[in-house]
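Chemist: The structure is given below, and queries will be raised subsequently.
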Amino acid sequence: MGTVHARSLEPLPASGPDFGALGEEAEFVEVEPEAKQEILENKDVVVQHVHFDGLGRTKDDIIMCEIGDVFKAKNLIEVMRKSHEAREKLLRLGIFRQVDVLIDTCQGDNALPNGLDVTFEVTELRRLTGSYNTMVGNNEGSMVLGLKLPNLLGRAEKVTFQFSYGTKETSYGLSFFKPQPGNFERNFSVNLYKVTGQFPWSSLRETDRGISAEYSFPIWKTSHSVKWEGVWRELGCLARTVSFAVRKESGHSLKSSLSHAMVIDSRNPSILPRRGALLKVNQELAGYTGGDVSFIKEDFELQLNKQLILDSVFSASLWGGMLVPIGDKPSSIADSVKEYSSYMLQKYKSRETFKEVTESCSLMSGVNIWDHGRLLNNLRANPSDSCRRPSVSTLPPQPEPASHWRCSAVASAVEGYPPVGGPM
């Protein structure tokens with residue numbers, strides 16, 4: 001596509017060219033000389049023009065930022081490579097359905113012998129697109145409706161609305177996204193949402209209605225995001241046998257927080273990775289911009305992946321977090337119950353002995369949380385009048401503080417032993 005090859009010439013015979021037998025009545029036909037063709041692959045070239053076919057509401061300035069490197073190419077290989085990179089950048093904007101690239105030699109009076117023209121044939125997305133799908137998971141079925149307004153103002157802005165109606169919860173969200181021209185990783189977004197979630201391990205139902213503003217930007221090999229979030233939260237109980245510690249957390253609360261997140265991701269690919277590492281570090285400060293909760297929270301996640309023989313992959317992960325209340329305002333269970341890995345807790349809850357404890361006791365948050373592999377430790381549970389230790393235990397009792405008792409899901413529980421309870 002665009003590469004011009006020279007035509008190979010057959011060697012002439014020693015006796016000269018054979019024109020056949022020419023009689024007296026033979027007519028001489030004048031043969032026009034063929035245009036000289038040249039291989040430009042290894043020679044210096046100049047990109048003279050870049051054309052776009054199919055542009056409608058897209059502005060020129062955001063397009064120029066994405067294709068600027070094409071003019072810097074010095075040979076045909078670089079032209080092809082940079083044109084491909086420009087195509088990937090255009091598709092990443094999310095405003096085109098299809099992008100094709102055509103490279104050809106320049107034509108016209110001002111054409112240089114080594115000049116090239118690059119043409120991008122694009123197909124823009126419609127002004128309004130929709131989607132409909134159903135999802136089944138977490139013992140719940142839901143119907144999801146989505147509407148999207150891509151390229152709203154001509155510079156890759158996007159407005160998205162999503163509504164989810166399920167058998168247990170109903171959620172919706174409205175978001176506005178705008179990238180910086182020429183640097184898609186630098187972007188700004190505003191979100192308005194309502195989310196309902198259930199946490200069976202704490203016998204808790206939470207409904208969040210909030211608004212957030214987030215700015216994302218890269219620094220060297222890291223990705224950063226700074227976010228402000230204001231949330232009106234409503235907590236309720238899932239069962240009539242919920243402990244008093246959860247009941248007293250029920251009601252309404254308001255949180256206003258500033259958070260920062262840093263991500264270093266070298267996995268390949270990011271879904272089901274075969275190699276690489278991931279590091280996430282999050283900090284959150286609540287209470288200084290309003291609200292009735294005040295705390296500092298920090299958590300991290302580390303994941304390592306290594307490809308082994310026989311198409312197998314070794315993966316290890318480590319997660320931890322810490323929450324510290326500030327001043328006289330205590331932290332809410334809604335700020336820390338999400339810190340637990342629901343996947344891990346569901347594993348433990350499926351065991352009969354752990355289920356026997358959680359039927360009458362609701363897991364509350366710990367100040368320090370660590371989750372590595374299949375080991376959960378330092379989970380605190382508040383006692384209730386009906387809360388008792390399991391009657392069967394094969395492990396010696398461990399001393400616990402008098403203020404509370406602890407459901408320790410340690411390695412012994414992983415192997416099938418019952419967790420150790422606290423004082424009767």
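As shown in the structure tokens, the chain order sets the letters A, B, ...; within each chain, residues go from 1, and ligands are also counted from 1 in the order they appear.
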Residues near segment 292-303 of chain A, anyone? I mean within 8 Å using only C-alpha atoms, not counting same-chain ones fewer than 3 positions away, as a ChimeraX atom specification.

Modeler: /A:253-255,277-288,315-327,329-332

Chemist: Which residues are close to segment 168-174 of chain A, i.e. within 8 Å by only C-alpha atoms, leaving aside same-chain residues fewer than 2 positions away? Reply as JSON, numbers by chain.

Modeler: {"A": [140, 159, 160, 161, 162, 163, 164, 165, 166, 176, 191, 192, 193, 194, 195, 196, 197]}

Chemist: With N, CA, C and O atoms retained, write the just-selected residues as a tab-separated table (two decimals), in the first residue's frame.

Modeler:
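The resulting result-v6.tsv:
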chain	number	residue	atom	x	y	z
A	140	GLU	N	-27.68	-12.58	41.63
A	140	GLU	CA	-28.57	-11.51	41.23
A	140	GLU	C	-28.56	-11.38	39.72
A	140	GLU	O	-27.52	-11.55	39.07
A	159	VAL	N	-20.49	12.02	26.89
A	159	VAL	CA	-21.48	11.96	27.96
A	159	VAL	C	-22.08	10.55	27.94
A	159	VAL	O	-22.52	10.07	26.89
A	160	THR	N	-22.09	9.91	29.11
A	160	THR	CA	-22.56	8.54	29.22
A	160	THR	C	-23.60	8.45	30.32
A	160	THR	O	-23.41	8.99	31.42
A	161	PHE	N	-24.68	7.75	30.04
A	161	PHE	CA	-25.70	7.47	31.05
A	161	PHE	C	-25.95	5.98	31.08
A	161	PHE	O	-26.08	5.33	30.03
A	162	GLN	N	-26.00	5.42	32.28
A	162	GLN	CA	-26.22	3.98	32.44
A	162	GLN	C	-27.22	3.74	33.56
A	162	GLN	O	-27.11	4.34	34.64
A	163	PHE	N	-28.16	2.87	33.29
A	163	PHE	CA	-29.19	2.53	34.26
A	163	PHE	C	-29.23	1.02	34.41
A	163	PHE	O	-29.28	0.28	33.41
A	164	SER	N	-29.19	0.55	35.65
A	164	SER	CA	-29.18	-0.88	35.94
A	164	SER	C	-30.33	-1.19	36.88
A	164	SER	O	-30.43	-0.60	37.96
A	165	TYR	N	-31.17	-2.12	36.47
A	165	TYR	CA	-32.30	-2.55	37.29
A	165	TYR	C	-32.13	-4.03	37.57
A	165	TYR	O	-32.10	-4.86	36.66
A	166	GLY	N	-31.98	-4.37	38.85
A	166	GLY	CA	-31.74	-5.75	39.23
A	166	GLY	C	-32.76	-6.26	40.20
A	166	GLY	O	-33.64	-5.53	40.69
A	176	PHE	N	-19.50	12.81	32.50
A	176	PHE	CA	-18.97	13.65	31.43
A	176	PHE	C	-17.46	13.50	31.42
A	176	PHE	O	-16.80	13.63	32.46
A	191	ASN	N	-18.86	12.90	37.54
A	191	ASN	CA	-19.78	11.78	37.64
A	191	ASN	C	-20.88	12.11	38.64
A	191	ASN	O	-20.62	12.69	39.71
A	192	LEU	N	-22.09	11.73	38.29
A	192	LEU	CA	-23.26	11.81	39.17
A	192	LEU	C	-23.86	10.41	39.21
A	192	LEU	O	-24.16	9.84	38.16
A	193	TYR	N	-24.07	9.86	40.40
A	193	TYR	CA	-24.43	8.45	40.47
A	193	TYR	C	-25.30	8.14	41.68
A	193	TYR	O	-25.37	8.91	42.64
A	194	LYS	N	-25.94	7.00	41.59
A	194	LYS	CA	-26.63	6.36	42.71
A	194	LYS	C	-26.35	4.87	42.62
A	194	LYS	O	-26.63	4.23	41.60
A	195	VAL	N	-25.77	4.32	43.67
A	195	VAL	CA	-25.34	2.92	43.68
A	195	VAL	C	-25.87	2.27	44.96
A	195	VAL	O	-25.76	2.84	46.04
A	196	THR	N	-26.44	1.09	44.82
A	196	THR	CA	-26.91	0.30	45.96
A	196	THR	C	-26.13	-0.99	45.99
A	196	THR	O	-26.02	-1.69	44.98
A	197	GLY	N	-25.59	-1.31	47.16
A	197	GLY	CA	-24.81	-2.53	47.32
A	197	GLY	C	-25.19	-3.27	48.58
A	197	GLY	O	-25.66	-2.67	49.55

Chemist: Among the residues of segment 174-279 of chain A, find those DSSP assigns to alpha helix (DSSP H) from the backbone and print them as a ChimeraX atom specification.

Modeler: /A:244-247

Chemist: Skip Glu157 of chain A itself and residues of its chain fewer than 4 positions away, then list as a VMD selection string all residues within 6 Å of it, counting only C-alpha atoms.

Modeler: chain A and resid 151 to 152 177 to 178

Chemist: Restricted to all heavy atoms, what would the selected residues look like written as an mmCIF file, in the first residue's frame?

Modeler:
data_model
loop_
_atom_site.group_PDB
_atom_site.id
_atom_site.type_symbol
_atom_site.label_atom_id
_atom_site.label_comp_id
_atom_site.auth_asym_id
_atom_site.auth_seq_id
_atom_site.Cartn_x
_atom_site.Cartn_y
_atom_site.Cartn_z
ATOM 1 N N ASN A 151 -18.186 12.369 21.212
ATOM 2 C CA ASN A 151 -17.720 13.543 20.462
ATOM 3 C C ASN A 151 -18.769 14.655 20.502
ATOM 4 O O ASN A 151 -19.162 15.220 19.472
ATOM 5 C CB ASN A 151 -17.417 13.149 19.013
ATOM 6 C CG ASN A 151 -16.453 14.096 18.346
ATOM 7 O OD1 ASN A 151 -15.776 14.896 18.996
ATOM 8 N ND2 ASN A 151 -16.379 14.023 17.035
ATOM 9 N N LEU A 152 -19.196 14.982 21.718
ATOM 10 C CA LEU A 152 -20.333 15.883 21.889
ATOM 11 C C LEU A 152 -20.064 17.270 21.321
ATOM 12 O O LEU A 152 -20.890 17.840 20.600
ATOM 13 C CB LEU A 152 -20.682 15.977 23.376
ATOM 14 C CG LEU A 152 -21.882 16.841 23.740
ATOM 15 C CD1 LEU A 152 -23.152 16.261 23.136
ATOM 16 C CD2 LEU A 152 -22.012 16.971 25.246
ATOM 17 N N PHE A 177 -16.904 13.212 30.244
ATOM 18 C CA PHE A 177 -15.472 12.933 30.101
ATOM 19 C C PHE A 177 -14.891 13.829 29.020
ATOM 20 O O PHE A 177 -15.469 13.955 27.932
ATOM 21 C CB PHE A 177 -15.266 11.459 29.735
ATOM 22 C CG PHE A 177 -13.850 11.092 29.410
ATOM 23 C CD1 PHE A 177 -12.944 10.795 30.413
ATOM 24 C CD2 PHE A 177 -13.415 11.039 28.093
ATOM 25 C CE1 PHE A 177 -11.640 10.455 30.104
ATOM 26 C CE2 PHE A 177 -12.130 10.703 27.774
ATOM 27 C CZ PHE A 177 -11.232 10.410 28.794
ATOM 28 N N LYS A 178 -13.744 14.454 29.320
ATOM 29 C CA LYS A 178 -13.076 15.315 28.339
ATOM 30 C C LYS A 178 -11.570 15.099 28.434
ATOM 31 O O LYS A 178 -10.961 15.352 29.480
ATOM 32 C CB LYS A 178 -13.395 16.784 28.585
ATOM 33 C CG LYS A 178 -12.672 17.725 27.611
ATOM 34 C CD LYS A 178 -13.062 19.159 27.787
ATOM 35 C CE LYS A 178 -12.246 20.078 26.869
ATOM 36 N NZ LYS A 178 -12.360 19.670 25.454
#

Chemist: Measuring between only C-alpha atoms, which one of A:Val50, A:Leu145, A:Met80, A:Leu304 shows the shortest distance to Ile264 of chain A?

Modeler: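 Distance minimum relative to Ile264 of chain A lands on A:Leu304.
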
Chemist: Which parts of segment 100-329 of chain A does DSSP call strand (DSSP E or B) when run on the backbone here, written out as a PyMOL selection string?

Modeler: chain A and resi 100-105+115-124+129-137+140-150+158-166+170-180+183-199+204-219+222-237+251-265+268+275-291+295-307+313-325

Chemist: Any idea what the distance is between atom CA of Asn187 of chain A and atom CA of His224 of chain A?

Modeler: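 Result for atom CA of Asn187 of chain A versus atom CA of His224 of chain A: 10.9 Å, one decimal.
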
Chemist: Could you give me, as a PyMOL selection string, the residues within 6 Å of segment 232-247 of chain A, counting only C-alpha atoms and dropping anything in the same chain fewer than 3 positions from it?

Modeler: chain A and resi 203-210+250-254+361+384

Chemist: Can you tell me which residues surround Val313 of chain A at a distance of at most 9 Å, considering only C-alpha atoms, apart from same-chain residues fewer than 6 positions away, and format the answer as a list in words?

Modeler: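 Once the adjacent positions are removed, what remains is Pro273, Arg274, Arg275, Asn305, Lys306 and Gln307 of chain A.
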
Chemist: Can you write just those residues out, C-alpha atoms, as a PDB file, in the first residue's frame?

Modeler:
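Listed below is the output, again09.pdb:
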ATOM      1  CA  PRO A 273      -1.741 -11.418  32.766  1.00  0.00           C
ATOM      2  CA  ARG A 274       1.108 -13.742  31.913  1.00  0.00           C
ATOM      3  CA  ARG A 275       3.914 -11.530  33.162  1.00  0.00           C
ATOM      4  CA  ASN A 305       2.973 -12.489  37.580  1.00  0.00           C
ATOM      5  CA  LYS A 306       5.563 -14.860  36.144  1.00  0.00           C
ATOM      6  CA  GLN A 307       5.156 -17.136  33.143  1.00  0.00           C
TER       7      GLN A 307
END

Chemist: Atom CA of Ser336 of chain A to atom CA of Glu229 of chain A: how many Å, to one decimal?

Modeler: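 Those two atoms sit 16.2 Å apart.
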
Chemist: Please, what distance in Å, to one decimal, runs between atom CA of His260 of chain A and atom CA of Glu214 of chain A?

Modeler: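 Distance reported for this atom pair: 9.6 Å.
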
Chemist: If we count only C-alpha atoms and set the cut-off at 10 Å, which residues sit around Lys221 of chain A, ignoring sequence neighbours fewer than 6 positions away in its own chain? Please answer as number ranges by chain.

Modeler: A: 263-266

Chemist: Keeping N, CA, C and O atoms for every residue in the selection just given, could you write it to a file as an mmCIF file, in the first residue's frame?

Modeler:
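What follows is the written file out38.cif:
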data_model
loop_
_atom_site.group_PDB
_atom_site.id
_atom_site.type_symbol
_atom_site.label_atom_id
_atom_site.label_comp_id
_atom_site.auth_asym_id
_atom_site.auth_seq_id
_atom_site.Cartn_x
_atom_site.Cartn_y
_atom_site.Cartn_z
ATOM 1 N N VAL A 263 -0.802 4.429 40.116
ATOM 2 C CA VAL A 263 -0.816 3.087 39.545
ATOM 3 C C VAL A 263 0.429 2.907 38.702
ATOM 4 O O VAL A 263 0.752 3.757 37.855
ATOM 5 N N ILE A 264 1.127 1.803 38.930
ATOM 6 C CA ILE A 264 2.229 1.360 38.074
ATOM 7 C C ILE A 264 1.847 -0.022 37.561
ATOM 8 O O ILE A 264 1.727 -0.967 38.339
ATOM 9 N N ASP A 265 1.662 -0.137 36.266
ATOM 10 C CA ASP A 265 1.153 -1.383 35.678
ATOM 11 C C ASP A 265 2.036 -1.784 34.506
ATOM 12 O O ASP A 265 2.098 -1.093 33.494
ATOM 13 N N SER A 266 2.741 -2.899 34.671
ATOM 14 C CA SER A 266 3.568 -3.439 33.591
ATOM 15 C C SER A 266 3.085 -4.813 33.152
ATOM 16 O O SER A 266 3.832 -5.559 32.517
#

Chemist: Given the choices A:Pro200, A:Gly141, A:Gly154, A:Gly230, which gets closest to Thr167 of chain A if the distance is worked out from only C-alpha atoms?

Modeler: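 Residue with the minimum atom-to-atom distance to Thr167 of chain A: A:Gly141.
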